[in-house]
Amino acid sequence: MNDILCVSHLKKSFGDNTVLKDISFSLKEGEVLSVIGPSGSGKSTLLRCITQLETIDEGFVQVAGLNMVVPDVVPAKYAPAKVLREIRLSTGLVFQNFNLFPHLTVLQNITMAPVRVLGMDRGGARELGRKLLAQMGLESKEKAYPCELSGGQQQRVSIARALALNPKILFFDEPTSALDPELTGEILKVIKSLAETKMTMVIVTHEMAFARDVADKVIFMDQGFIVEQGSPDFVFNQSGNERLSSFLSRFAQG
């Protein structure tokens with residue numbers, strides 16, 4: 001099976017601060033990758049680079065068979081706009097702070113992109129939106145506004161909104177960090193259900209048990225590097241890497 005996501009020697013700086021120093025990994029269709037590591041290690045920046053919210057300085061990124069940048073060119077030279085748009089349509093990103101439009105209803109939040117971006121007719125978009133709301137257990141909330149929902153409900157709407165564009169890869173940037181423990185559980189349940197459908201996902205998370213249980217692969221990042229990567233069993237139980245062990249032990253204590 002070919003890789004649906006390939007990242008090779010990716011580097012990213014903000015001024016004098018090099019945030020991503022030499023990042024390489026790949027993911028096959030249907031796999032789930034958990035990205036763990038301390039705050040400031042570059043995890044969120046990595047997601048933002050792959051989803052084109054940030055530009056990379058060097059390296060290579062391929063998404064669903066399409067090259068985001070021209071291979072072997074330094075500094076990075078991006079592909080034509082048409083290719084970049086196609087790549088954007090194949091990726092979805094769920095933010096930690098929901099990012100819903102406060103002036104739109106739940107259903108309008110979900111249907112806006114299919115209508116404006118994909119050119120779907122409004123009736124078809126509403127049908128799709130209601131199907132996704134049912135999948136999220138929010139059938140009764142289509143006319144509600146974001147301010148009328150709990151944090152967990154808002155995050156489920158944002159997941160439905162990302163799914164409405166039928167992405168090939170779904171990225172989650174700390175999807176439970178703004179939620180209390182009870183609401184965290186409901187979001188993790190939704191993500192697990194997506195994993196069972198073989199949705200390709202990359203999940204940045206501080207939920208260690210969840211990262212271990214849901215993932216096919218785990219990456220541990222620290223100070224802009226991938227320090228360790230492998231199967232959940234290897235990363236959590238067998239690695240022996242001192243920096244990783246220190247991180248996991250502090251997490252267990254916390």
# chains A, B, ... in the order shown; residues from 1 in each chain; ligands from 1

call {"tool": "residues_around", "arguments": {"residues": "Leu66 in chain A", "least_positions_apart": "5", "cutoff": "12 Å", "atoms": "only C-alpha atoms", "output": "VMD selection string"}}
result
chain A and resid 3 to 7 60 to 61 71 78 to 80 82 to 91

call {"tool": "write_last_selection", "arguments": {"atoms": "N, CA, C and O atoms", "output": "PDB file, in the first residue's frame"}}
result
ATOM      1  N   ASP A   3       2.057   5.190   0.534  1.00  0.00           N
ATOM      2  CA  ASP A   3       1.882   6.165   1.605  1.00  0.00           C
ATOM      3  C   ASP A   3       0.903   7.243   1.159  1.00  0.00           C
ATOM      4  O   ASP A   3       1.003   7.775   0.049  1.00  0.00           O
ATOM      5  N   ILE A   4      -0.050   7.575   2.041  1.00  0.00           N
ATOM      6  CA  ILE A   4      -0.974   8.673   1.745  1.00  0.00           C
ATOM      7  C   ILE A   4      -0.394  10.001   2.218  1.00  0.00           C
ATOM      8  O   ILE A   4      -0.778  11.070   1.747  1.00  0.00           O
ATOM      9  N   LEU A   5       0.569   9.926   3.137  1.00  0.00           N
ATOM     10  CA  LEU A   5       1.257  11.120   3.636  1.00  0.00           C
ATOM     11  C   LEU A   5       2.740  10.806   3.779  1.00  0.00           C
ATOM     12  O   LEU A   5       3.112   9.807   4.396  1.00  0.00           O
ATOM     13  N   CYS A   6       3.554  11.653   3.172  1.00  0.00           N
ATOM     14  CA  CYS A   6       5.006  11.487   3.279  1.00  0.00           C
ATOM     15  C   CYS A   6       5.629  12.839   3.603  1.00  0.00           C
ATOM     16  O   CYS A   6       5.425  13.814   2.864  1.00  0.00           O
ATOM     17  N   VAL A   7       6.338  12.902   4.712  1.00  0.00           N
ATOM     18  CA  VAL A   7       7.044  14.113   5.135  1.00  0.00           C
ATOM     19  C   VAL A   7       8.521  13.770   5.236  1.00  0.00           C
ATOM     20  O   VAL A   7       8.890  12.789   5.888  1.00  0.00           O
ATOM     21  N   PHE A  60      10.258  18.147   2.097  1.00  0.00           N
ATOM     22  CA  PHE A  60       9.323  17.633   1.096  1.00  0.00           C
ATOM     23  C   PHE A  60       8.069  17.117   1.793  1.00  0.00           C
ATOM     24  O   PHE A  60       8.150  16.456   2.827  1.00  0.00           O
ATOM     25  N   VAL A  61       6.913  17.452   1.235  1.00  0.00           N
ATOM     26  CA  VAL A  61       5.632  16.956   1.747  1.00  0.00           C
ATOM     27  C   VAL A  61       4.809  16.465   0.562  1.00  0.00           C
ATOM     28  O   VAL A  61       4.626  17.191  -0.413  1.00  0.00           O
ATOM     29  N   PRO A  71      10.334  18.672  -5.284  1.00  0.00           N
ATOM     30  CA  PRO A  71      11.374  17.886  -4.610  1.00  0.00           C
ATOM     31  C   PRO A  71      12.772  18.479  -4.797  1.00  0.00           C
ATOM     32  O   PRO A  71      13.092  19.037  -5.856  1.00  0.00           O
ATOM     33  N   TYR A  78       6.891  25.975  -3.638  1.00  0.00           N
ATOM     34  CA  TYR A  78       5.580  25.339  -3.584  1.00  0.00           C
ATOM     35  C   TYR A  78       5.043  25.005  -4.973  1.00  0.00           C
ATOM     36  O   TYR A  78       5.389  25.650  -5.976  1.00  0.00           O
ATOM     37  N   ALA A  79       4.192  24.000  -5.013  1.00  0.00           N
ATOM     38  CA  ALA A  79       3.526  23.576  -6.238  1.00  0.00           C
ATOM     39  C   ALA A  79       2.558  24.663  -6.712  1.00  0.00           C
ATOM     40  O   ALA A  79       2.230  25.594  -5.956  1.00  0.00           O
ATOM     41  N   PRO A  80       2.070  24.565  -7.962  1.00  0.00           N
ATOM     42  CA  PRO A  80       1.103  25.544  -8.456  1.00  0.00           C
ATOM     43  C   PRO A  80      -0.161  25.589  -7.601  1.00  0.00           C
ATOM     44  O   PRO A  80      -0.512  24.604  -6.925  1.00  0.00           O
ATOM     45  N   LYS A  82      -3.277  25.376  -8.194  1.00  0.00           N
ATOM     46  CA  LYS A  82      -4.287  24.349  -8.452  1.00  0.00           C
ATOM     47  C   LYS A  82      -3.979  23.072  -7.679  1.00  0.00           C
ATOM     48  O   LYS A  82      -4.883  22.436  -7.114  1.00  0.00           O
ATOM     49  N   VAL A  83      -2.711  22.700  -7.632  1.00  0.00           N
ATOM     50  CA  VAL A  83      -2.299  21.502  -6.889  1.00  0.00           C
ATOM     51  C   VAL A  83      -2.471  21.726  -5.386  1.00  0.00           C
ATOM     52  O   VAL A  83      -2.966  20.852  -4.661  1.00  0.00           O
ATOM     53  N   LEU A  84      -2.092  22.902  -4.917  1.00  0.00           N
ATOM     54  CA  LEU A  84      -2.214  23.200  -3.492  1.00  0.00           C
ATOM     55  C   LEU A  84      -3.673  23.176  -3.050  1.00  0.00           C
ATOM     56  O   LEU A  84      -3.991  22.705  -1.949  1.00  0.00           O
ATOM     57  N   ARG A  85      -4.565  23.670  -3.899  1.00  0.00           N
ATOM     58  CA  ARG A  85      -5.989  23.636  -3.565  1.00  0.00           C
ATOM     59  C   ARG A  85      -6.475  22.201  -3.452  1.00  0.00           C
ATOM     60  O   ARG A  85      -7.220  21.853  -2.524  1.00  0.00           O
ATOM     61  N   GLU A  86      -6.041  21.350  -4.377  1.00  0.00           N
ATOM     62  CA  GLU A  86      -6.457  19.944  -4.342  1.00  0.00           C
ATOM     63  C   GLU A  86      -5.943  19.262  -3.069  1.00  0.00           C
ATOM     64  O   GLU A  86      -6.650  18.461  -2.450  1.00  0.00           O
ATOM     65  N   ILE A  87      -4.723  19.615  -2.675  1.00  0.00           N
ATOM     66  CA  ILE A  87      -4.177  19.057  -1.438  1.00  0.00           C
ATOM     67  C   ILE A  87      -4.982  19.541  -0.237  1.00  0.00           C
ATOM     68  O   ILE A  87      -5.316  18.764   0.665  1.00  0.00           O
ATOM     69  N   ARG A  88      -5.314  20.838  -0.221  1.00  0.00           N
ATOM     70  CA  ARG A  88      -6.113  21.376   0.891  1.00  0.00           C
ATOM     71  C   ARG A  88      -7.453  20.650   1.014  1.00  0.00           C
ATOM     72  O   ARG A  88      -7.929  20.384   2.119  1.00  0.00           O
ATOM     73  N   LEU A  89      -8.056  20.340  -0.115  1.00  0.00           N
ATOM     74  CA  LEU A  89      -9.346  19.655  -0.092  1.00  0.00           C
ATOM     75  C   LEU A  89      -9.230  18.219   0.414  1.00  0.00           C
ATOM     76  O   LEU A  89     -10.218  17.632   0.837  1.00  0.00           O
ATOM     77  N   SER A  90      -8.031  17.673   0.358  1.00  0.00           N
ATOM     78  CA  SER A  90      -7.852  16.287   0.807  1.00  0.00           C
ATOM     79  C   SER A  90      -7.473  16.205   2.279  1.00  0.00           C
ATOM     80  O   SER A  90      -7.310  15.113   2.823  1.00  0.00           O
ATOM     81  N   THR A  91      -7.339  17.370   2.938  1.00  0.00           N
ATOM     82  CA  THR A  91      -6.994  17.382   4.361  1.00  0.00           C
ATOM     83  C   THR A  91      -8.045  18.165   5.147  1.00  0.00           C
ATOM     84  O   THR A  91      -8.603  19.138   4.657  1.00  0.00           O
TER      85      THR A  91
END

call {"tool": "residues_around", "arguments": {"residues": "range 200-215 of chain A", "least_positions_apart": "2", "cutoff": "9 Å", "atoms": "only C-alpha atoms", "output": "PyMOL selection string"}}
result
chain A and resi 4+27-38+43-44+47+168-177+188+191-192+194-195+198+217-218+231-233+235-236+248+251-252

call {"tool": "residues_around", "arguments": {"residues": "Gln135 in chain A", "least_positions_apart": "2", "cutoff": "12 Å", "atoms": "only C-alpha atoms", "output": "ChimeraX atom specification"}}
result
/A:128-133,137-140,156-157,159-161,163-164,189-191,193-194

call {"tool": "select_by_dssp", "arguments": {"residues": "range 2-234 of chain A", "states": "alpha helix (DSSP H)", "output": "PyMOL selection string"}}
result
chain A and resi 43-50+81-89+106-116+122-135+151-163+181-196+208-214+232-233

call {"tool": "select_by_dssp", "arguments": {"residues": "range 24-209 of chain A", "states": "strand (DSSP E or B)", "output": "ChimeraX atom specification"}}
result
/A:24-28,32-36,58-63,66-67,69,78,91-94,169-173,200-204

call {"tool": "closest_residue", "arguments": {"among": "A:Asn166, A:Asn97, A:Thr105, A:Thr197", "to": "Val117 in chain A", "atoms": "only C-alpha atoms"}}
result
A:Asn166

call {"tool": "residues_around", "arguments": {"residues": "Asn99 in chain A", "least_positions_apart": "4", "cutoff": "10 Å", "atoms": "only C-alpha atoms", "output": "list in words"}}
result
Val94, Phe95, Pro146, Gln154, Gln155 and Ser158 of chain A

call {"tool": "residues_around", "arguments": {"residues": "Asp22 in chain A", "least_positions_apart": "2", "cutoff": "6 Å", "atoms": "only C-alpha atoms", "output": "count of residues only"}}
result
3

call {"tool": "atom_distance", "arguments": {"atom1": "CA of Ala125 in chain A", "atom2": "CA of Leu149 in chain A"}}
result
21.8 Å

call {"tool": "residues_around", "arguments": {"residues": "Asp72 in chain A", "least_positions_apart": "5", "cutoff": "10 Å", "atoms": "only C-alpha atoms", "output": "PyMOL selection string"}}
result
chain A and resi 58-60+77

call {"tool": "residues_around", "arguments": {"residues": "Tyr145 in chain A", "least_positions_apart": "3", "cutoff": "10 Å", "atoms": "only C-alpha atoms", "output": "PyMOL selection string"}}
result
chain A and resi 100-109+141-142+148-149+154

call {"tool": "atom_distance", "arguments": {"atom1": "CA of Gly185 in chain A", "atom2": "CA of Gly92 in chain A"}}
result
21.6 Å
